[in-house]
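Asker: Sending over data.txt (compact mmCIF, C-alpha atoms).
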```
# COMPACT_ATOMS: atom_id res chain seq x y z
CA MET T 4 -3.29 -30.45 16.53
CA LYS T 5 -1.98 -28.91 13.32
CA ARG T 6 0.81 -30.72 11.49
CA PHE T 7 2.91 -28.95 8.91
CA ALA T 8 4.62 -30.29 5.81
CA LYS T 9 7.86 -28.49 6.66
CA THR T 10 9.75 -29.27 9.86
CA LEU T 11 11.58 -26.59 11.87
CA THR T 12 14.77 -26.67 13.89
CA ALA T 13 15.53 -24.65 17.01
CA GLN T 14 17.73 -22.29 15.01
CA GLU T 15 14.96 -21.64 12.48
CA ILE T 16 12.44 -20.92 15.23
CA LEU T 17 14.81 -18.47 16.92
CA GLN T 18 15.32 -16.70 13.62
CA MET T 19 11.55 -16.37 13.13
CA ILE T 20 10.41 -15.14 16.54
CA GLY T 21 13.54 -14.52 18.63
CA GLY T 22 13.70 -15.17 22.36
CA HIS T 23 16.05 -16.99 24.73
CA TRP T 24 16.27 -20.77 24.33
CA GLN T 25 16.62 -23.03 27.38
CA GLY T 26 17.43 -26.75 27.21
CA ASP T 27 18.16 -29.16 24.38
CA MET T 28 18.29 -27.54 20.91
CA THR T 29 18.54 -30.70 18.82
CA GLY T 30 14.81 -31.31 18.40
CA VAL T 31 12.92 -31.09 15.13
CA PHE T 32 9.37 -29.73 15.24
CA ALA T 33 6.41 -30.41 12.95
CA SER T 34 3.19 -29.50 14.80
CA VAL T 35 1.42 -27.10 17.16
CA SER T 36 -1.28 -28.09 19.61
CA GLU T 37 -2.90 -27.66 22.99
CA PRO T 38 -1.11 -29.25 25.97
CA ALA T 39 -3.55 -32.20 26.11
CA ASP T 40 -2.92 -33.17 22.48
CA THR T 41 0.83 -33.20 22.03
CA GLN T 42 3.50 -35.37 20.49
CA HIS T 43 7.28 -35.20 20.85
CA ASP T 44 7.52 -32.84 17.86
CA SER T 45 4.77 -30.47 19.08
CA ILE T 46 5.13 -26.84 20.13
CA ILE T 47 2.81 -25.36 22.77
CA PHE T 48 2.70 -22.09 24.73
CA CYS T 49 2.16 -21.22 28.38
CA GLU T 50 1.42 -17.81 29.91
CA GLN T 51 -1.24 -18.69 32.53
CA GLU T 52 -0.76 -20.30 35.94
CA LYS T 53 -3.83 -22.49 35.49
CA LEU T 54 -2.19 -24.23 32.51
CA ILE T 55 1.15 -25.08 34.09
CA ASP T 56 0.15 -28.58 35.27
CA ALA T 57 -1.18 -29.53 31.84
CA VAL T 58 1.98 -28.14 30.22
CA LEU T 59 4.23 -30.18 32.53
CA GLU T 60 2.23 -33.34 31.86
CA SER T 61 2.38 -32.88 28.09
CA SER T 62 4.91 -34.53 25.82
CA ALA T 63 5.56 -31.31 23.85
CA GLY T 64 9.04 -30.92 22.46
CA LEU T 65 9.05 -27.13 22.92
CA ILE T 66 7.19 -24.75 25.23
CA ILE T 67 7.01 -21.06 24.37
CA THR T 68 6.65 -19.13 27.62
CA ASN T 69 7.82 -16.06 29.54
CA SER T 70 10.32 -15.59 32.36
CA ASN T 71 7.61 -16.05 35.03
CA PHE T 72 7.24 -19.74 34.19
CA SER T 73 10.75 -20.64 33.08
CA SER T 74 11.87 -21.88 36.50
CA LYS T 75 8.91 -24.27 36.69
CA LEU T 76 9.86 -26.04 33.46
CA GLY T 77 13.17 -27.46 34.66
CA ASP T 78 15.25 -28.89 31.84
CA ARG T 79 12.29 -29.07 29.41
CA PRO T 80 13.20 -27.29 26.17
CA HIS T 81 11.51 -23.90 26.25
CA LEU T 82 11.74 -20.53 24.58
CA ILE T 83 11.47 -17.41 26.76
CA VAL T 84 9.74 -14.45 25.07
CA ASP T 85 7.87 -11.37 26.30
CA LYS T 86 4.47 -12.36 24.89
CA PRO T 87 4.16 -16.15 24.51
CA TYR T 88 0.74 -16.26 22.83
CA PHE T 89 1.65 -13.59 20.30
CA SER T 90 5.02 -15.20 19.53
CA PHE T 91 3.37 -18.62 19.22
CA MET T 92 0.78 -17.34 16.75
CA THR T 93 3.42 -15.43 14.82
CA LEU T 94 5.30 -18.70 14.42
CA VAL T 95 2.11 -20.46 13.26
CA SER T 96 1.46 -17.71 10.68
CA ILE T 97 4.97 -17.96 9.26
CA TRP T 98 4.77 -21.76 9.24
CA LEU T 99 1.49 -21.71 7.34
CA MET T 100 2.96 -19.31 4.80
CA MET T 101 5.95 -21.59 4.29
CA ASP T 102 3.69 -24.57 3.70
CA SER T 103 1.54 -22.63 1.23
CA GLN T 104 4.58 -21.80 -0.86
CA ASN T 105 4.93 -25.50 -1.61
CA GLN T 106 1.40 -25.95 -2.89
CA GLU T 107 0.82 -27.19 -6.40
CA TYR T 108 -0.65 -24.62 -8.75
CA GLY T 109 -3.10 -25.67 -11.39
CA ILE T 110 -6.64 -25.54 -12.77
CA HIS T 111 -9.10 -28.37 -12.22
CA SER T 112 -10.51 -29.88 -15.39
CA SER T 113 -14.11 -29.20 -14.31
CA ALA T 114 -13.58 -25.43 -13.92
CA VAL T 115 -15.45 -23.22 -16.40
CA ILE T 116 -13.35 -20.17 -17.30
CA ASP T 117 -14.27 -17.52 -19.85
CA SER T 118 -11.67 -17.05 -22.57
CA THR T 119 -11.29 -13.36 -21.69
CA ALA T 120 -10.27 -14.02 -18.08
CA ARG T 121 -6.66 -13.04 -17.35
CA PHE T 122 -4.17 -14.60 -14.93
CA GLU T 123 -1.18 -12.56 -13.76
CA GLY T 124 0.75 -15.57 -12.51
CA GLU T 125 0.27 -19.11 -11.27
CA VAL T 126 -3.07 -19.75 -9.57
CA VAL T 127 -5.03 -22.57 -7.97
CA ILE T 128 -8.56 -23.12 -9.27
CA GLY T 129 -10.57 -25.96 -7.77
CA ALA T 130 -13.33 -28.21 -9.05
CA ASN T 131 -16.52 -26.70 -10.47
CA VAL T 132 -15.31 -23.11 -10.22
CA VAL T 133 -16.94 -20.67 -12.65
CA ILE T 134 -15.05 -17.55 -13.75
CA GLY T 135 -16.79 -14.97 -15.93
CA ALA T 136 -15.67 -12.61 -18.67
CA ASN T 137 -12.84 -10.13 -18.16
CA CYS T 138 -11.96 -11.35 -14.67
CA VAL T 139 -8.40 -10.66 -13.48
CA LEU T 140 -6.65 -12.98 -11.02
CA GLY T 141 -3.35 -11.94 -9.43
CA LYS T 142 -0.37 -14.18 -8.83
CA GLY T 143 -0.91 -16.88 -6.21
CA VAL T 144 -4.70 -16.56 -6.03
CA VAL T 145 -6.40 -19.67 -4.64
CA ILE T 146 -10.03 -20.35 -5.50
CA ALA T 147 -11.43 -23.46 -3.83
CA GLU T 148 -14.11 -25.72 -5.24
CA GLY T 149 -17.58 -24.45 -6.08
CA CYS T 150 -16.80 -20.72 -6.16
CA SER T 151 -18.44 -18.42 -8.70
CA LEU T 152 -16.96 -15.20 -10.07
CA ALA T 153 -19.22 -13.11 -12.30
CA ASP T 154 -17.93 -10.84 -15.06
CA ASN T 155 -15.31 -8.15 -14.38
CA VAL T 156 -14.22 -9.42 -10.97
CA CYS T 157 -10.65 -8.65 -9.87
CA LEU T 158 -8.75 -10.63 -7.22
CA GLY T 159 -5.39 -9.31 -6.00
CA ALA T 160 -2.25 -11.40 -5.61
CA GLY T 161 -2.30 -13.95 -2.83
CA THR T 162 -6.04 -13.74 -2.16
CA LYS T 163 -7.78 -16.95 -1.13
CA LEU T 164 -11.43 -17.94 -1.56
CA TYR T 165 -12.69 -20.93 0.42
CA PRO T 166 -15.35 -23.25 -1.08
CA ASN T 167 -18.67 -21.91 -2.36
CA VAL T 168 -17.94 -18.19 -2.27
CA CYS T 169 -20.04 -16.14 -4.69
CA ILE T 170 -18.60 -12.89 -6.10
CA TYR T 171 -20.97 -10.72 -8.14
CA GLU T 172 -20.16 -8.61 -11.19
CA GLY T 173 -17.66 -5.77 -10.93
CA THR T 174 -16.33 -6.59 -7.46
CA SER T 175 -12.73 -5.60 -6.80
CA ILE T 176 -10.81 -7.47 -4.08
CA GLY T 177 -7.28 -6.52 -3.07
CA LYS T 178 -4.14 -8.48 -2.24
CA LYS T 179 -3.83 -11.16 0.46
CA CYS T 180 -7.52 -11.20 1.32
CA ILE T 181 -9.26 -14.25 2.80
CA ILE T 182 -12.93 -14.95 2.11
CA HIS T 183 -14.48 -17.91 3.90
CA SER T 184 -17.08 -20.37 2.68
CA GLY T 185 -20.60 -19.28 1.84
CA SER T 186 -19.86 -15.55 1.66
CA VAL T 187 -21.68 -13.51 -0.97
CA ILE T 188 -19.97 -10.35 -2.14
CA GLY T 189 -21.79 -7.86 -4.35
CA ALA T 190 -25.43 -8.99 -4.20
CA ASP T 191 -28.01 -6.28 -4.78
CA GLY T 192 -28.53 -3.74 -2.05
CA PHE T 193 -31.93 -3.84 -0.36
CA GLY T 194 -33.58 -0.89 -2.06
CA TYR T 195 -37.31 -0.52 -2.79
CA LEU T 196 -39.70 2.38 -3.29
CA LEU T 197 -43.43 2.11 -2.64
CA MET T 198 -45.23 3.29 -5.79
CA GLY T 199 -48.95 2.75 -6.23
CA ASN T 200 -49.11 0.21 -3.40
CA VAL T 201 -46.35 -1.83 -5.03
CA GLN T 202 -42.75 -2.12 -3.82
CA GLN T 203 -40.69 -1.12 -6.85
CA LYS T 204 -37.12 -2.39 -6.95
CA ILE T 205 -34.43 0.30 -7.16
CA PRO T 206 -31.66 -0.87 -9.51
CA GLN T 207 -28.35 -1.50 -7.78
CA VAL T 208 -25.66 -0.68 -10.31
CA GLY T 209 -22.64 0.11 -8.10
CA ASN T 210 -20.05 -2.38 -6.92
CA VAL T 211 -18.03 -3.58 -3.93
CA VAL T 212 -14.39 -2.63 -3.36
CA ILE T 213 -12.40 -4.60 -0.79
CA GLU T 214 -8.89 -3.35 -0.07
CA ASP T 215 -5.77 -5.39 0.81
CA ASP T 216 -5.45 -7.80 3.75
CA VAL T 217 -9.17 -8.02 4.57
CA GLU T 218 -10.59 -11.23 6.03
CA ILE T 219 -14.30 -12.03 5.66
CA GLY T 220 -15.91 -14.79 7.71
CA ALA T 221 -18.21 -17.59 6.59
CA ASN T 222 -21.70 -16.74 5.35
CA THR T 223 -21.11 -13.00 5.48
CA THR T 224 -22.85 -10.83 2.89
CA ILE T 225 -21.68 -7.49 1.51
CA ASP T 226 -24.12 -5.71 -0.81
CA ARG T 227 -23.18 -3.70 -3.86
CA ALA T 228 -23.86 0.03 -3.86
CA THR T 229 -26.88 1.57 -5.52
CA LEU T 230 -24.42 3.93 -7.21
CA GLY T 231 -20.72 4.16 -6.46
CA SER T 232 -19.06 1.58 -4.21
CA THR T 233 -19.57 -0.27 -0.96
CA ARG T 234 -16.03 -0.19 0.43
CA ILE T 235 -14.08 -2.21 3.01
CA GLY T 236 -10.79 -0.65 4.11
CA LYS T 237 -7.36 -2.23 4.31
CA GLY T 238 -6.75 -4.70 7.13
CA THR T 239 -10.35 -4.83 8.36
CA LYS T 240 -11.51 -8.18 9.76
CA ILE T 241 -15.13 -9.27 9.47
CA ASP T 242 -16.53 -12.24 11.40
CA ASN T 243 -19.07 -14.87 10.31
CA LEU T 244 -22.71 -14.00 9.58
CA VAL T 245 -22.22 -10.25 9.18
CA GLN T 246 -24.49 -8.19 6.91
CA ILE T 247 -23.12 -5.02 5.31
CA GLY T 248 -25.69 -3.01 3.40
CA HIS T 249 -25.37 -1.03 0.19
CA ASN T 250 -23.13 2.04 0.06
CA CYS T 251 -21.54 1.33 3.45
CA VAL T 252 -17.96 2.48 3.89
CA ILE T 253 -15.77 0.76 6.49
CA GLY T 254 -12.34 2.16 7.30
CA CYS T 255 -9.01 0.43 7.86
CA HIS T 256 -8.19 -2.17 10.53
CA SER T 257 -11.66 -2.30 12.04
CA ILE T 258 -13.23 -5.36 13.68
CA LEU T 259 -16.83 -6.46 13.04
CA CYS T 260 -17.84 -9.45 15.18
CA ALA T 261 -20.45 -12.10 14.37
CA GLN T 262 -24.00 -11.06 13.45
CA VAL T 263 -23.24 -7.36 13.13
CA GLY T 264 -25.68 -5.69 10.77
CA LEU T 265 -25.03 -2.39 9.02
CA ALA T 266 -27.93 -0.73 7.23
CA GLY T 267 -27.28 1.12 3.98
CA SER T 268 -24.92 4.09 3.79
CA THR T 269 -23.40 3.52 7.23
CA ILE T 270 -19.89 4.94 7.61
CA VAL T 271 -17.51 3.14 9.98
CA GLY T 272 -14.12 4.72 10.69
CA ASP T 273 -10.66 3.25 11.20
CA TYR T 274 -9.85 0.94 14.15
CA VAL T 275 -13.51 0.64 15.15
CA TYR T 276 -14.67 -2.36 17.23
CA LEU T 277 -18.27 -3.55 16.81
CA ALA T 278 -19.03 -6.46 19.14
CA GLY T 279 -21.41 -9.32 18.35
CA GLN T 280 -24.96 -8.57 17.19
CA VAL T 281 -24.50 -4.80 16.99
CA GLY T 282 -27.09 -3.26 14.71
CA VAL T 283 -26.49 0.12 13.08
CA ALA T 284 -29.20 2.26 11.50
CA GLY T 285 -28.61 3.61 8.01
CA HIS T 286 -26.92 6.92 7.21
CA THR T 287 -25.07 7.03 10.55
CA THR T 288 -21.36 7.49 11.20
CA ILE T 289 -19.19 5.66 13.74
CA GLY T 290 -15.99 7.61 14.36
CA ASN T 291 -12.43 6.33 14.36
CA LYS T 292 -11.44 4.08 17.29
CA ALA T 293 -14.99 3.96 18.65
CA MET T 294 -16.21 0.80 20.41
CA VAL T 295 -19.77 -0.51 20.56
CA GLY T 296 -20.74 -3.28 23.00
CA ALA T 297 -22.53 -6.52 22.15
CA GLN T 298 -26.21 -6.45 21.14
CA SER T 299 -26.26 -2.66 20.97
CA GLY T 300 -28.58 -0.76 18.66
CA VAL T 301 -26.90 2.30 17.17
CA VAL T 302 -29.50 4.81 15.97
CA SER T 303 -27.39 7.97 15.83
CA SER T 304 -23.79 8.79 15.02
CA VAL T 305 -21.00 7.84 17.44
CA GLU T 306 -18.14 10.25 18.07
CA GLU T 307 -14.49 9.35 17.54
CA GLY T 308 -13.05 7.28 20.39
CA ALA T 309 -16.42 6.91 22.14
CA LYS T 310 -17.55 3.74 23.89
CA TYR T 311 -21.25 2.97 23.42
CA PHE T 312 -23.47 0.23 24.76
CA GLY T 313 -27.18 -0.61 24.98
CA SER T 314 -30.27 -0.38 22.82
CA PRO T 315 -30.55 2.37 21.91
CA ALA T 316 -26.80 2.69 22.36
CA ILE T 317 -25.56 5.45 24.65
CA ASP T 318 -22.31 6.24 26.43
CA ALA T 319 -21.13 2.94 27.94
CA ASN T 320 -20.51 4.35 31.42
CA SER T 321 -24.01 5.87 31.53
CA MET T 322 -25.51 2.54 30.42
CA LYS T 323 -23.58 0.67 33.12
CA ARG T 324 -24.96 3.01 35.77
CA GLN T 325 -28.47 2.45 34.44
CA ILE T 326 -28.01 -1.32 34.62
CA VAL T 327 -26.84 -1.05 38.22
CA ALA T 328 -29.80 1.18 39.03
CA GLN T 329 -32.25 -1.29 37.47
CA LYS T 330 -31.19 -3.92 39.99
CA HIS T 331 -32.57 -1.72 42.76
CA LEU T 332 -35.91 -0.98 41.07
CA PRO T 333 -37.92 -3.59 43.07
CA GLU T 334 -36.85 -2.15 46.43
CA ILE T 335 -37.34 1.40 45.15
CA TYR T 336 -40.84 0.44 44.00
CA ARG T 337 -41.66 -1.15 47.36
CA ALA T 338 -40.46 1.99 49.13
CA PHE T 339 -42.63 4.09 46.82
CA LEU T 340 -45.73 1.99 47.54
CA LYS T 341 -45.02 2.17 51.26
CA GLN T 342 -44.73 5.95 51.10
CA GLN T 343 -47.97 6.20 49.14
CA LYS T 344 -49.76 4.09 51.72
CA GLU T 345 -48.41 6.19 54.59
CA GLU T 346 -49.40 9.42 52.88
CA SER T 347 -52.93 8.16 52.15
CA GLY T 348 -53.28 7.07 55.80
CA ASN T 349 -52.40 10.53 57.01
CA GLU T 350 -55.08 12.23 54.98
```
How would this structure read if it were set down as structure tokens?

Answerer:
Amino acid sequence: MKRFAKTLTAQEILQMIGGHWQGDMTGVFASVSEPADTQHDSIIFCEQEKLIDAVLESSAGLIITNSNFSSKLGDRPHLIVDKPYFSFMTLVSIWLMMDSQNQEYGIHSSAVIDSTARFEGEVVIGANVVIGANCVLGKGVVIAEGCSLADNVCLGAGTKLYPNVCIYEGTSIGKKCIIHSGSVIGADGFGYLLMGNVQQKIPQVGNVVIEDDVEIGANTTIDRATLGSTRIGKGTKIDNLVQIGHNCVIGCHSILCAQVGLAGSTIVGDYVYLAGQVGVAGHTTIGNKAMVGAQSGVVSSVEEGAKYFGSPAIDANSMKRQIVAQKHLPEIYRAFLKQQKEESGNE
């Protein structure tokens, strides 16, 4: 269950997400939850038949649902919308934003901030935060405890860093970004050159540029470019435990699921979906709106809109046919041995 500082009335909820209200409209709401964990002021949603019994048994004060389930709810207060889950989560997002507007701005006494750092409005800086020279923080930035910003880091307005995020020198992060705990942005790219039987380090002197409205999951790492910029496009969402190598460029509104690994200089287009544990070889391009299935190994470029799967990754439909065919290999092999035996007997 999530409780909010601000309560909502029926009229306020209708104004936020619309819909058609059924039942009593006098309730006041302060939480969202699953059906099994409700109180009288809780809001839940229902859009699956298998959940209807749990919903009816709950003590929720409001149920967000669609017209298919309305008749089953009797006189229980409910809100009829086209897409209950989406409307429910839209309400949660707005509610969270309203609560955040009431937060207390300020700088913890243990924070270490260089005198040249510049704030463009009120900010929140937690305990033991370190902010280097010439950093710029936009209005409403929140930096939780234990974060470290090296010199010349820029954070856009409304960006939030969860505890223990490390941002290396020269990184630029846009507005309304979210970076979760343990992420490291701007560490050196993995570049070495074998010279005289010794691996010589190649200096990494570029930076990382993250555009607006990007979310980066916990313990994800994004390496700085050797030269130029490693870039993450607007609205892209990156899961936990993702590795993005030096000089990679990711387009807008793409999805990278957990444990994806991009080798250096990979180019990922707009609206691309990379499922969990996809690995991409360096200097390859994945076109706009392409999709790559879980645990795939991409070793060559993927065309725009293509669906790839497997290791090495190929067209998803071809890979599915191969998987089906593999199930029949034992009987095919037995038939082959039988044919061999018959042929040898006829000689």

Asker: I'd like to know which of T:Ala120, T:Leu277, T:Ala160, T:Met19 is closest to Met92 of chain T, using all atoms listed in the file.

Answerer: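 Once distances to Met92 of chain T are computed over all atoms listed in the file, the minimum belongs to T:Met19.
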
Asker: Which residues of segment 187-256 of chain T come within 10 Å of segment 143-155 of chain T, and what is each one's closest atom pair and distance in Å (one decimal), counting all atoms listed in the file, sorted by chain and residue number, as a Markdown table?

Answerer:
```
| residue | atom | partner | partner_atom | distance |
| --- | --- | --- | --- | --- |
| T:Val187 | CA | T:Ser151 | CA | 9.7 |
| T:Ile188 | CA | T:Leu152 | CA | 9.8 |
| T:Gly189 | CA | T:Ala153 | CA | 9.9 |
```

Asker: For the point (-13.4, -0.4, 3.7) in the file's frame, write as a PDB file with C-alpha atoms, in the frame of the given file all residues with an atom no more than 9 Å away, counting all atoms listed in the file.

Answerer:
```
ATOM      1  CA  VAL T 212     -14.390  -2.630  -3.360  1.00  0.00           C
ATOM      2  CA  ILE T 213     -12.400  -4.600  -0.790  1.00  0.00           C
ATOM      3  CA  GLU T 214      -8.890  -3.350  -0.070  1.00  0.00           C
ATOM      4  CA  VAL T 217      -9.170  -8.020   4.570  1.00  0.00           C
ATOM      5  CA  THR T 233     -19.570  -0.270  -0.960  1.00  0.00           C
ATOM      6  CA  ARG T 234     -16.030  -0.190   0.430  1.00  0.00           C
ATOM      7  CA  ILE T 235     -14.080  -2.210   3.010  1.00  0.00           C
ATOM      8  CA  GLY T 236     -10.790  -0.650   4.110  1.00  0.00           C
ATOM      9  CA  LYS T 237      -7.360  -2.230   4.310  1.00  0.00           C
ATOM     10  CA  GLY T 238      -6.750  -4.700   7.130  1.00  0.00           C
ATOM     11  CA  THR T 239     -10.350  -4.830   8.360  1.00  0.00           C
ATOM     12  CA  CYS T 251     -21.540   1.330   3.450  1.00  0.00           C
ATOM     13  CA  VAL T 252     -17.960   2.480   3.890  1.00  0.00           C
ATOM     14  CA  ILE T 253     -15.770   0.760   6.490  1.00  0.00           C
ATOM     15  CA  GLY T 254     -12.340   2.160   7.300  1.00  0.00           C
ATOM     16  CA  CYS T 255      -9.010   0.430   7.860  1.00  0.00           C
ATOM     17  CA  HIS T 256      -8.190  -2.170  10.530  1.00  0.00           C
ATOM     18  CA  SER T 257     -11.660  -2.300  12.040  1.00  0.00           C
ATOM     19  CA  VAL T 271     -17.510   3.140   9.980  1.00  0.00           C
ATOM     20  CA  GLY T 272     -14.120   4.720  10.690  1.00  0.00           C
ATOM     21  CA  ASP T 273     -10.660   3.250  11.200  1.00  0.00           C
TER      22      ASP T 273
END
```

Asker: Skipping near chain neighbours, those fewer than 3 positions away, what residues fall within 8 Å of Glu307 of chain T using all atoms listed in the file, listed as an MDAnalysis selection string?

Answerer: chainID T and resid 289:293

Asker: If we count all atoms listed in the file and set the cut-off at 12 Å, which residues sit around Asp318 of chain T, ignoring sequence neighbours fewer than 3 positions away in its own chain? Please answer as a list in words.

Answerer: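 Surrounding residues, per the criterion: Ala293, Met294, Val295, Gly296, Ser299, Val301, Ser303, Ser304, Val305, Glu306, Gly308, Ala309, Lys310, Tyr311, Phe312, Gly313, Ser314, Pro315, Ser321, Met322, Lys323, Arg324 and Gln325 of chain T.
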
Asker: Could you save those same residues with C-alpha atoms as a PDB file, in the frame of the given file?

Answerer:
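New file again15.pdb:
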```pdb
ATOM      1  CA  ALA T 293     -14.990   3.960  18.650  1.00  0.00           C
ATOM      2  CA  MET T 294     -16.210   0.800  20.410  1.00  0.00           C
ATOM      3  CA  VAL T 295     -19.770  -0.510  20.560  1.00  0.00           C
ATOM      4  CA  GLY T 296     -20.740  -3.280  23.000  1.00  0.00           C
ATOM      5  CA  SER T 299     -26.260  -2.660  20.970  1.00  0.00           C
ATOM      6  CA  VAL T 301     -26.900   2.300  17.170  1.00  0.00           C
ATOM      7  CA  SER T 303     -27.390   7.970  15.830  1.00  0.00           C
ATOM      8  CA  SER T 304     -23.790   8.790  15.020  1.00  0.00           C
ATOM      9  CA  VAL T 305     -21.000   7.840  17.440  1.00  0.00           C
ATOM     10  CA  GLU T 306     -18.140  10.250  18.070  1.00  0.00           C
ATOM     11  CA  GLY T 308     -13.050   7.280  20.390  1.00  0.00           C
ATOM     12  CA  ALA T 309     -16.420   6.910  22.140  1.00  0.00           C
ATOM     13  CA  LYS T 310     -17.550   3.740  23.890  1.00  0.00           C
ATOM     14  CA  TYR T 311     -21.250   2.970  23.420  1.00  0.00           C
ATOM     15  CA  PHE T 312     -23.470   0.230  24.760  1.00  0.00           C
ATOM     16  CA  GLY T 313     -27.180  -0.610  24.980  1.00  0.00           C
ATOM     17  CA  SER T 314     -30.270  -0.380  22.820  1.00  0.00           C
ATOM     18  CA  PRO T 315     -30.550   2.370  21.910  1.00  0.00           C
ATOM     19  CA  SER T 321     -24.010   5.870  31.530  1.00  0.00           C
ATOM     20  CA  MET T 322     -25.510   2.540  30.420  1.00  0.00           C
ATOM     21  CA  LYS T 323     -23.580   0.670  33.120  1.00  0.00           C
ATOM     22  CA  ARG T 324     -24.960   3.010  35.770  1.00  0.00           C
ATOM     23  CA  GLN T 325     -28.470   2.450  34.440  1.00  0.00           C
TER      24      GLN T 325
END
```

Asker: Could you tell me how far atom CA of Val156 of chain T sits from atom CA of Lys178 of chain T, in Å to one decimal place?

Answerer: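 Separation between atom CA of Lys178 of chain T and atom CA of Val156 of chain T: 13.4 Å.
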
Asker: Separation of atom CA of Asp102 of chain T and atom CA of Arg6 of chain T, in Å?

Answerer: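 Distance between the two atoms: 10.3 Å.
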
Asker: What does the structure give for the distance between atom CA of Leu230 of chain T and atom CA of Gln207 of chain T, in Å to one decimal?

Answerer: 6.7 Å

Asker: Hey, what's within 6 Å of Cys180 of chain T if we count all atoms listed in the file and toss same-chain stuff fewer than 3 positions away? As JSON, numbers by chain, please?

Answerer: {"T": [162, 216, 217, 218]}

Asker: Would you output that residue set with C-alpha atoms, as a PDB file, in the coordinates of the input?

Answerer:
```
ATOM      1  CA  THR T 162      -6.040 -13.740  -2.160  1.00  0.00           C
ATOM      2  CA  ASP T 216      -5.450  -7.800   3.750  1.00  0.00           C
ATOM      3  CA  VAL T 217      -9.170  -8.020   4.570  1.00  0.00           C
ATOM      4  CA  GLU T 218     -10.590 -11.230   6.030  1.00  0.00           C
TER       5      GLU T 218
END
```

Asker: Which residue gives the smallest distance to Ile176 of chain T among T:Ile128, T:Ala316, T:Leu164, T:Val84, with all atoms listed in the file counted?

Answerer: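 Smallest separation from Ile176 of chain T among the options: T:Leu164.
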
Asker: So that I can check the surroundings of Cys157 of chain T, please list as JSON, numbers by chain every protein, DNA and RNA residue that reaches within 10 Å of it, counting all atoms listed in the file and ignoring chain neighbours fewer than 6 positions away.

Answerer: {"T": [120, 121, 137, 138, 139, 140, 141, 170, 172, 173, 174, 175, 176, 177, 212]}

Asker: Complete the atoms of segment 55-69 of chain T to N, CA and C atoms and put them out as a CSV table (one decimal), keeping the file's coordinate frame.

Answerer:
```csv
chain,number,residue,atom,x,y,z
T,55,ILE,N,-0.2,-24.6,33.9
T,55,ILE,CA,1.2,-25.1,34.1
T,55,ILE,C,1.1,-26.6,34.3
T,56,ASP,N,0.2,-27.1,35.0
T,56,ASP,CA,0.2,-28.6,35.3
T,56,ASP,C,0.0,-29.3,34.0
T,57,ALA,N,-0.9,-28.9,33.1
T,57,ALA,CA,-1.2,-29.5,31.8
T,57,ALA,C,0.1,-29.4,31.0
T,58,VAL,N,0.7,-28.3,31.0
T,58,VAL,CA,2.0,-28.1,30.2
T,58,VAL,C,3.0,-29.1,30.7
T,59,LEU,N,3.2,-29.3,32.0
T,59,LEU,CA,4.2,-30.2,32.5
T,59,LEU,C,3.9,-31.6,32.2
T,60,GLU,N,2.6,-32.0,32.2
T,60,GLU,CA,2.2,-33.3,31.9
T,60,GLU,C,2.3,-33.7,30.4
T,61,SER,N,2.4,-32.7,29.5
T,61,SER,CA,2.4,-32.9,28.1
T,61,SER,C,3.7,-33.5,27.6
T,62,SER,N,3.7,-34.0,26.4
T,62,SER,CA,4.9,-34.5,25.8
T,62,SER,C,5.5,-33.6,24.8
T,63,ALA,N,5.1,-32.3,24.8
T,63,ALA,CA,5.6,-31.3,23.8
T,63,ALA,C,7.1,-31.2,23.8
T,64,GLY,N,7.6,-31.1,22.6
T,64,GLY,CA,9.0,-30.9,22.5
T,64,GLY,C,9.5,-29.5,22.7
T,65,LEU,N,8.7,-28.5,22.7
T,65,LEU,CA,9.0,-27.1,22.9
T,65,LEU,C,7.9,-26.4,23.5
T,66,ILE,N,8.2,-25.6,24.6
T,66,ILE,CA,7.2,-24.8,25.2
T,66,ILE,C,7.6,-23.3,25.1
T,67,ILE,N,6.7,-22.5,24.5
T,67,ILE,CA,7.0,-21.1,24.4
T,67,ILE,C,6.4,-20.4,25.6
T,68,THR,N,7.2,-19.7,26.4
T,68,THR,CA,6.6,-19.1,27.6
T,68,THR,C,7.4,-17.8,27.9
T,69,ASN,N,7.1,-17.3,29.1
T,69,ASN,CA,7.8,-16.1,29.5
T,69,ASN,C,8.7,-16.4,30.8
```
